[in-house]
Amino acid sequence: MNSPQRQERRDVRYPLHLPVLIRMSHKEMHTRSVNISLGGILLSSDVLIPEGSTVEVAVGVKHMPDPGILLSARGKVLRAEPKEAGDYAVAIKLDRCFELGAADRESRRKKPKAVPTPVTIRRPAVPFAMAWDTET
């Protein structure tokens with residue numbers, strides 16, 4: 001029996017624990033991904049990111065030894081729930097699928113080199129019905 005609040009998702013969620021940089025109106029914060037899909041991301045954050053906030057998401061942060069953004073996107077915070085550990089589970093719905101390398105444009109301008117054009121990840125032809133995993 002499905003709960004009325006439980007929503008089915010179109011995309012498969014992959015457990016992926018990577019550093020994530022969140023940008024929102026002149027503010028940057030470092031978080032960690034819990035799971036990622038083509039249409040959204042669940043984060044673990046020490047800071048509360050208000051529901052409804054528009055954010056830029058960069059997975060794979062510049063401050064790593066190999067400065068390269070793996071994935072980037074823009075989205076909206078659907079929910080932010082406190083966890084027992086004192087941090088927050090933050091669910092973000094993306095405006096469109098993640099892009100590869102698009103958030104690293106600034107460093108490409110500084111260092112011209114042969115870099116492939118960013119590729120947009122497309123949704124799979126077969127839809128998957130998966131729910132957000134809110135348990136951590």
# chains A, B, ... in the order shown; residues from 1 in each chain; ligands from 1
$ residues_around --residues "Thr31 in chain A" --least-positions-apart "3" --cutoff "9 Å" --atoms "only C-alpha atoms" --output "PyMOL selection string"
chain A and resi 18-22+43-47
$ closest_residue --among "A:Val59, A:Ile41, A:Leu100, A:Leu48" --to "Gly75 in chain A" --atoms "only C-alpha atoms"
A:Ile41
$ atom_distance --atom1 "CA of Val12 in chain A" --atom2 "CA of His30 in chain A"
24.4 Å
$ select_by_dssp --residues "range 4-57 of chain A" --states "strand (DSSP E)" --output "MDAnalysis selection string"
chainID A and resid 14:15 19:24 27:36 40:45 54:57
$ residues_around --residues "Lys76 in chain A" --least-positions-apart "6" --cutoff "8 Å" --atoms "only C-alpha atoms" --output "PyMOL selection string"
chain A and resi 51-55+92-95
$ atom_distance --atom1 "CA of Arg74 in chain A" --atom2 "CA of Arg96 in chain A"
7.4 Å
$ atom_distance --atom1 "CA of Lys83 in chain A" --atom2 "CA of Pro50 in chain A"
15.0 Å
$ closest_residue --among "A:Pro15, A:Glu56, A:Gly40, A:Met29" --to "Arg79 in chain A" --atoms "only C-alpha atoms"
A:Gly40
$ residues_around --residues "range 35-37 of chain A" --least-positions-apart "4" --cutoff "9 Å" --atoms "only C-alpha atoms" --output "PyMOL selection string"
chain A and resi 11-17+41-43+97-98+132-133
$ write_last_selection --atoms "C-alpha atoms" --output "short mmCIF file (atom, residue, chain, number, x, y, z; two decimals), in the first residue's frame"
data_model
loop_
_atom_site.label_atom_id
_atom_site.label_comp_id
_atom_site.auth_asym_id
_atom_site.auth_seq_id
_atom_site.Cartn_x
_atom_site.Cartn_y
_atom_site.Cartn_z
CA ASP A 11 15.05 7.76 -12.57
CA VAL A 12 17.21 5.16 -10.87
CA ARG A 13 19.06 6.48 -7.81
CA TYR A 14 22.69 5.46 -7.49
CA PRO A 15 24.39 5.53 -4.09
CA LEU A 16 27.35 7.81 -4.69
CA HIS A 17 29.29 9.53 -1.92
CA ILE A 41 20.45 14.44 -5.96
CA LEU A 42 20.19 13.72 -2.23
CA LEU A 43 22.82 15.46 -0.11
CA CYS A 97 19.96 16.43 -16.38
CA PHE A 98 23.51 16.78 -15.10
CA TRP A 132 13.84 8.73 -2.90
CA ASP A 133 15.84 6.90 -0.29
#
$ closest_residue --among "A:Glu99, A:Val34, A:Ile49, A:Gly60" --to "Glu81 in chain A" --atoms "only C-alpha atoms"
A:Ile49
